[in-house]
>>> print(open('coords07.pdb').read())   # PDB, C-alpha atoms
ATOM      1  CA  MET A 840      30.899   7.166  26.994  1.00  0.00           C
ATOM      2  CA  PRO A 841      27.565   7.910  25.303  1.00  0.00           C
ATOM      3  CA  GLN A 842      26.735  11.519  24.415  1.00  0.00           C
ATOM      4  CA  PHE A 843      23.535  11.346  26.486  1.00  0.00           C
ATOM      5  CA  PRO A 844      23.937   8.810  29.341  1.00  0.00           C
ATOM      6  CA  ALA A 845      20.360   9.124  30.663  1.00  0.00           C
ATOM      7  CA  ASN A 846      18.857   8.985  27.162  1.00  0.00           C
ATOM      8  CA  ALA A 847      21.001   6.462  25.304  1.00  0.00           C
ATOM      9  CA  THR A 848      18.758   6.522  22.214  1.00  0.00           C
ATOM     10  CA  ARG A 849      19.066  10.288  21.791  1.00  0.00           C
ATOM     11  CA  PHE A 850      21.322  11.238  18.899  1.00  0.00           C
ATOM     12  CA  ASP A 851      20.656  14.916  18.186  1.00  0.00           C
ATOM     13  CA  PRO A 852      22.457  17.658  20.120  1.00  0.00           C
ATOM     14  CA  TYR A 853      20.342  20.262  21.918  1.00  0.00           C
ATOM     15  CA  LYS A 854      18.762  22.999  19.791  1.00  0.00           C
ATOM     16  CA  ASN A 855      19.661  26.662  20.222  1.00  0.00           C
ATOM     17  CA  TYR A 856      16.188  28.195  20.187  1.00  0.00           C
ATOM     18  CA  ALA A 857      15.032  27.572  23.761  1.00  0.00           C
ATOM     19  CA  ALA A 858      16.600  29.312  26.744  1.00  0.00           C
ATOM     20  CA  ARG A 859      15.584  31.256  29.822  1.00  0.00           C
ATOM     21  CA  VAL A 860      17.394  34.160  31.485  1.00  0.00           C
ATOM     22  CA  TYR A 861      17.124  35.066  35.166  1.00  0.00           C
ATOM     23  CA  PHE A 862      18.455  38.148  36.969  1.00  0.00           C
ATOM     24  CA  ASP A 863      19.903  37.660  40.461  1.00  0.00           C
ATOM     25  CA  GLN A 864      18.063  35.010  42.488  1.00  0.00           C
ATOM     26  CA  SER A 865      14.689  35.529  40.807  1.00  0.00           C
ATOM     27  CA  ALA A 866      12.555  32.456  40.187  1.00  0.00           C
ATOM     28  CA  THR A 867      10.794  34.285  37.337  1.00  0.00           C
ATOM     29  CA  PRO A 868      12.599  34.414  33.990  1.00  0.00           C
ATOM     30  CA  VAL A 869      13.138  37.717  32.182  1.00  0.00           C
ATOM     31  CA  ALA A 870      10.169  38.204  29.860  1.00  0.00           C
ATOM     32  CA  GLY A 871      10.408  37.926  26.089  1.00  0.00           C
ATOM     33  CA  ILE A 872      14.097  37.086  25.541  1.00  0.00           C
ATOM     34  CA  SER A 873      14.448  36.129  21.889  1.00  0.00           C
ATOM     35  CA  LYS A 874      18.220  36.162  21.376  1.00  0.00           C
ATOM     36  CA  ILE A 875      21.319  35.677  23.520  1.00  0.00           C
ATOM     37  CA  SER A 876      24.781  36.177  22.079  1.00  0.00           C
ATOM     38  CA  GLY A 877      27.341  33.429  22.617  1.00  0.00           C
ATOM     39  CA  LEU A 878      29.363  33.031  25.808  1.00  0.00           C
ATOM     40  CA  LYS A 879      33.046  33.374  25.015  1.00  0.00           C
ATOM     41  CA  ARG A 880      36.226  33.325  27.095  1.00  0.00           C
ATOM     42  CA  SER A 881      39.723  33.922  25.719  1.00  0.00           C
ATOM     43  CA  SER A 882      43.209  34.177  27.175  1.00  0.00           C
ATOM     44  CA  ASP A 883      46.113  36.340  26.071  1.00  0.00           C
ATOM     45  CA  VAL A 884      49.179  34.572  24.739  1.00  0.00           C
ATOM     46  CA  ILE A 885      52.562  35.724  26.054  1.00  0.00           C
ATOM     47  CA  GLU A 886      55.337  34.886  23.585  1.00  0.00           C
ATOM     48  CA  TYR A 887      58.957  34.767  24.690  1.00  0.00           C
ATOM     49  CA  ARG A 888      62.305  33.344  23.598  1.00  0.00           C
ATOM     50  CA  GLU A 889      64.978  31.786  25.696  1.00  0.00           C
ATOM     51  CA  ALA A 890      68.520  32.934  25.068  1.00  0.00           C
ATOM     52  CA  GLY A 891      70.269  30.701  22.550  1.00  0.00           C
ATOM     53  CA  ASN A 892      67.017  28.996  21.503  1.00  0.00           C
ATOM     54  CA  LEU A 893      65.305  29.744  18.190  1.00  0.00           C
ATOM     55  CA  LEU A 894      62.022  28.321  19.408  1.00  0.00           C
ATOM     56  CA  ILE A 895      59.374  30.819  20.527  1.00  0.00           C
ATOM     57  CA  ARG A 896      57.651  29.713  23.702  1.00  0.00           C
ATOM     58  CA  LYS A 897      54.053  30.580  24.537  1.00  0.00           C
ATOM     59  CA  GLY A 898      52.720  31.245  28.000  1.00  0.00           C
ATOM     60  CA  LEU A 899      49.270  31.854  29.425  1.00  0.00           C
ATOM     61  CA  GLY A 900      48.323  35.485  30.024  1.00  0.00           C
ATOM     62  CA  ARG A 901      45.185  37.226  31.273  1.00  0.00           C
ATOM     63  CA  THR A 902      41.727  35.765  30.683  1.00  0.00           C
ATOM     64  CA  LYS A 903      38.945  37.930  29.239  1.00  0.00           C
ATOM     65  CA  TYR A 904      35.204  37.375  28.927  1.00  0.00           C
ATOM     66  CA  ASP A 905      33.347  38.813  25.933  1.00  0.00           C
ATOM     67  CA  SER A 906      30.218  40.880  26.387  1.00  0.00           C
ATOM     68  CA  VAL A 907      26.844  39.150  26.213  1.00  0.00           C
ATOM     69  CA  THR A 908      23.878  40.714  24.417  1.00  0.00           C
ATOM     70  CA  LEU A 909      20.262  39.980  25.336  1.00  0.00           C
ATOM     71  CA  GLU A 910      17.479  40.918  22.903  1.00  0.00           C
ATOM     72  CA  ARG A 911      13.754  40.910  23.410  1.00  0.00           C
ATOM     73  CA  GLY A 912      10.608  42.378  21.931  1.00  0.00           C
ATOM     74  CA  VAL A 913       9.534  45.780  23.234  1.00  0.00           C
ATOM     75  CA  THR A 914       6.789  45.475  25.882  1.00  0.00           C
ATOM     76  CA  GLN A 915       5.623  47.528  28.855  1.00  0.00           C
ATOM     77  CA  ASP A 916       8.178  45.756  31.100  1.00  0.00           C
ATOM     78  CA  LYS A 917      10.825  48.307  32.187  1.00  0.00           C
ATOM     79  CA  GLU A 918      13.359  45.820  33.656  1.00  0.00           C
ATOM     80  CA  PHE A 919      15.997  46.345  30.912  1.00  0.00           C
ATOM     81  CA  GLU A 920      15.685  50.131  31.038  1.00  0.00           C
ATOM     82  CA  GLU A 921      15.810  50.347  34.839  1.00  0.00           C
ATOM     83  CA  TRP A 922      18.954  48.239  34.967  1.00  0.00           C
ATOM     84  CA  ALA A 923      20.560  50.224  32.138  1.00  0.00           C
ATOM     85  CA  ASN A 924      19.744  53.468  33.967  1.00  0.00           C
ATOM     86  CA  ALA A 925      21.686  52.264  37.020  1.00  0.00           C
ATOM     87  CA  ALA A 926      24.900  52.736  35.006  1.00  0.00           C
ATOM     88  CA  GLN A 927      24.046  56.278  33.866  1.00  0.00           C
ATOM     89  CA  VAL A 928      25.116  59.602  35.311  1.00  0.00           C
ATOM     90  CA  LEU A 929      22.342  62.049  36.210  1.00  0.00           C
ATOM     91  CA  ASP A 930      22.456  65.726  35.257  1.00  0.00           C
ATOM     92  CA  LYS A 931      25.154  67.971  36.734  1.00  0.00           C
ATOM     93  CA  GLY A 932      27.614  65.079  36.795  1.00  0.00           C
ATOM     94  CA  ALA A 933      26.244  63.519  39.987  1.00  0.00           C
ATOM     95  CA  PRO A 934      26.523  59.745  39.723  1.00  0.00           C
ATOM     96  CA  SER A 935      23.276  57.837  40.162  1.00  0.00           C
ATOM     97  CA  ARG A 936      25.160  54.607  40.661  1.00  0.00           C
ATOM     98  CA  SER A 937      24.117  52.306  43.414  1.00  0.00           C
ATOM     99  CA  LEU A 938      26.370  49.261  43.485  1.00  0.00           C
ATOM    100  CA  LYS A 939      23.397  47.137  44.471  1.00  0.00           C
ATOM    101  CA  ALA A 940      21.428  48.297  41.398  1.00  0.00           C
ATOM    102  CA  LEU A 941      24.445  48.354  39.044  1.00  0.00           C
ATOM    103  CA  ARG A 942      25.556  44.717  39.164  1.00  0.00           C
ATOM    104  CA  LYS A 943      23.522  41.540  38.917  1.00  0.00           C
ATOM    105  CA  GLU A 944      24.168  37.845  38.733  1.00  0.00           C
ATOM    106  CA  VAL A 945      22.705  36.437  35.512  1.00  0.00           C
ATOM    107  CA  ARG A 946      21.659  32.832  35.000  1.00  0.00           C
ATOM    108  CA  ILE A 947      21.089  31.397  31.516  1.00  0.00           C
ATOM    109  CA  GLU A 948      19.417  28.016  31.160  1.00  0.00           C
ATOM    110  CA  LEU A 949      19.482  26.086  27.892  1.00  0.00           C
ATOM    111  CA  LEU A 950      16.294  24.039  27.468  1.00  0.00           C
ATOM    112  CA  ASN A 951      15.624  20.806  25.606  1.00  0.00           C
ATOM    113  CA  GLU A 952      12.623  20.193  23.349  1.00  0.00           C
ATOM    114  CA  ALA A 953      10.455  19.389  26.397  1.00  0.00           C
ATOM    115  CA  MET A 954      11.420  22.815  27.858  1.00  0.00           C
ATOM    116  CA  GLN A 955      13.465  21.213  30.653  1.00  0.00           C
ATOM    117  CA  PRO A 956      16.753  22.879  31.693  1.00  0.00           C
ATOM    118  CA  VAL A 957      19.715  20.833  30.442  1.00  0.00           C
ATOM    119  CA  HIS A 958      22.618  23.277  30.942  1.00  0.00           C
ATOM    120  CA  ARG A 959      22.972  26.304  33.210  1.00  0.00           C
ATOM    121  CA  TYR A 960      25.485  29.131  32.851  1.00  0.00           C
ATOM    122  CA  LEU A 961      26.178  31.669  35.592  1.00  0.00           C
ATOM    123  CA  LEU A 962      27.531  35.124  34.719  1.00  0.00           C
ATOM    124  CA  HIS A 963      29.051  37.013  37.620  1.00  0.00           C
ATOM    125  CA  ARG A 964      28.930  40.719  38.510  1.00  0.00           C
ATOM    126  CA  CYS A 965      27.172  41.796  35.293  1.00  0.00           C
ATOM    127  CA  TRP A 966      26.457  45.425  34.427  1.00  0.00           C
ATOM    128  CA  VAL A 967      24.900  47.108  31.393  1.00  0.00           C
ATOM    129  CA  SER A 968      27.392  48.806  29.059  1.00  0.00           C
ATOM    130  CA  GLU A 969      24.956  49.434  26.205  1.00  0.00           C
ATOM    131  CA  PHE A 970      21.191  49.774  25.963  1.00  0.00           C
ATOM    132  CA  GLN A 971      19.218  50.044  22.743  1.00  0.00           C
ATOM    133  CA  MET A 972      15.688  51.146  23.586  1.00  0.00           C
ATOM    134  CA  LEU A 973      14.266  50.555  20.132  1.00  0.00           C
ATOM    135  CA  SER A 974      15.462  48.846  16.973  1.00  0.00           C
ATOM    136  CA  ASP A 975      15.037  50.389  13.523  1.00  0.00           C
ATOM    137  CA  VAL A 976      11.411  51.089  12.673  1.00  0.00           C
ATOM    138  CA  ASP A 977      10.369  50.309   9.104  1.00  0.00           C
ATOM    139  CA  ALA A 978       6.796  51.082   8.018  1.00  0.00           C
ATOM    140  CA  GLY A 979       7.213  48.667   5.100  1.00  0.00           C
ATOM    141  CA  GLY A 980       8.648  45.910   7.270  1.00  0.00           C
ATOM    142  CA  ASN A 981       7.082  42.919   8.905  1.00  0.00           C
ATOM    143  CA  GLY A 982       9.075  42.597  12.108  1.00  0.00           C
ATOM    144  CA  ILE A 983       8.972  43.078  15.863  1.00  0.00           C
ATOM    145  CA  ALA A 984      10.249  46.169  17.662  1.00  0.00           C
ATOM    146  CA  MET A 985      13.268  45.002  19.666  1.00  0.00           C
ATOM    147  CA  GLU A 986      15.329  46.304  22.567  1.00  0.00           C
ATOM    148  CA  HIS A 987      18.684  44.995  23.685  1.00  0.00           C
ATOM    149  CA  ILE A 988      21.207  45.281  26.474  1.00  0.00           C
ATOM    150  CA  LYS A 989      24.892  44.516  26.284  1.00  0.00           C
ATOM    151  CA  LEU A 990      26.282  43.027  29.482  1.00  0.00           C
ATOM    152  CA  GLU A 991      29.834  43.144  30.752  1.00  0.00           C
ATOM    153  CA  HIS A 992      30.723  40.480  33.299  1.00  0.00           C
ATOM    154  CA  GLU A 993      33.650  39.255  35.359  1.00  0.00           C
ATOM    155  CA  GLY A 994      33.458  35.584  34.612  1.00  0.00           C
ATOM    156  CA  CYS A 995      31.098  32.779  33.839  1.00  0.00           C
ATOM    157  CA  GLU A 996      30.810  29.183  34.851  1.00  0.00           C
ATOM    158  CA  HIS A 997      28.958  26.129  33.656  1.00  0.00           C
ATOM    159  CA  ASP A 998      26.745  24.845  36.455  1.00  0.00           C
ATOM    160  CA  ALA A 999      26.288  21.092  36.032  1.00  0.00           C
ATOM    161  CA  LEU A1000      22.702  19.895  35.737  1.00  0.00           C
ATOM    162  CA  PRO A1001      21.711  16.239  35.690  1.00  0.00           C
ATOM    163  CA  GLU A1002      20.459  15.109  32.295  1.00  0.00           C
ATOM    164  CA  PRO A1003      16.637  14.893  32.410  1.00  0.00           C
ATOM    165  CA  LYS A1004      14.878  11.863  31.002  1.00  0.00           C
ATOM    166  CA  ASP A1005      13.330  12.549  27.599  1.00  0.00           C
ATOM    167  CA  ILE A1006       9.577  12.553  27.752  1.00  0.00           C
TER
END
>>> encode(input="coords07.pdb", output="structure tokens")
Amino acid sequence: MPQFPANATRFDPYKNYAARVYFDQSATPVAGISKISGLKRSSDVIEYREAGNLLIRKGLGRTKYDSVTLERGVTQDKEFEEWANAAQVLDKGAPSRSLKALRKEVRIELLNEAMQPVHRYLLHRCWVSEFQMLSDVDAGGNGIAMEHIKLEHEGCEHDALPEPKDI
């Protein structure tokens, strides 16, 4: 089977510099995303031995999903901060948590060179476990001020997209 059935002459795999992120069912992508950490799933290994057998057997244990970090340049958009605040506790120990505001479905779309979605990943029941409002500031540097959120989630899936024709 060819690597790219709809574009048989394509040889190169997709690049990793073009992606869009969406929160919940929004049709508008999150502004300014410049970096997304990898999506990783791992399962625990349960080792055991049978009586009278020197061989160690391995069984499948619990599955875990690693956190995902989203980074973007600092702008006037407060979407990251508002979501991160949903997981905070207000003064006097009163929780400010609203389950509706705390968890979101996140959609990540990998784009080809023509900026067409080629793969879609769905992250379920995400919430913000870490929020960095501002990266290091260096007066002698030549960089962009960045903010990031670290997302915990309860599973991800690869949503199949048909391969678009190369333009």
>>> resolve_selection(input="coords07.pdb", expression="the PyMOL selection byres ((chain A and resi 952-962) around 12)", output="PyMOL selection string")
chain A and resi 843+845+849+851-864+877-880+904-907+942-951+963-966+990-1006
>>> closest_residue(input="coords07.pdb", among="A:Gln842, A:Leu893, A:Leu938, A:Arg911", to="His987 in chain A", atoms="only C-alpha atoms")
A:Arg911
>>> atom_distance(input="coords07.pdb", atom1="CA of Glu920 in chain A", atom2="CA of Gly979 in chain A")
27.3 Å
>>> atom_distance(input="coords07.pdb", atom1="CA of Leu973 in chain A", atom2="CA of Pro868 in chain A")
21.3 Å
>>> resolve_selection(input="coords07.pdb", expression="the PyMOL selection byres ((chain A and resi 922) around 10)", output="list of chain:residue names")
A:Lys917, A:Glu918, A:Phe919, A:Glu920, A:Glu921, A:Ala923, A:Asn924, A:Ala925, A:Ala926, A:Gln927, A:Ala940, A:Leu941, A:Arg942, A:Lys943, A:Trp966, A:Val967, A:Phe970, A:Ile988
>>> residues_near_point(input="coords07.pdb", point="(15.8, 42.5, 22.2)", cutoff="7 Å", atoms="all atoms listed in the file", output="number ranges by chain")
A: 872-874, 909-912, 985-987
>>> axis_aligned_box(input="coords07.pdb", around="range 865-876 of chain A", padding_each_side="8 Å", output="AutoDock Vina command-line options")
--center_x 17.5 --center_y 35.3 --center_z 31.1 --size_x 30.6 --size_y 21.7 --size_z 35.4
>>> residues_around(input="coords07.pdb", residues="Lys897 in chain A", least_positions_apart="2", cutoff="9 Å", atoms="only C-alpha atoms", output="JSON, numbers by chain")
{"A": [884, 885, 886, 887, 888, 895, 899]}
>>> atom_distance(input="coords07.pdb", atom1="CA of Ser865 in chain A", atom2="CA of Glu969 in chain A")
22.6 Å
>>> closest_residue(input="coords07.pdb", among="A:Ile875, A:Ala978, A:Ala847, A:Ala984", to="Val913 in chain A", atoms="only C-alpha atoms")
A:Ala984
>>> residues_around(input="coords07.pdb", residues="Asp883 in chain A", least_positions_apart="5", cutoff="9 Å", atoms="all atoms listed in the file", output="ChimeraX atom specification")
/A:898-903
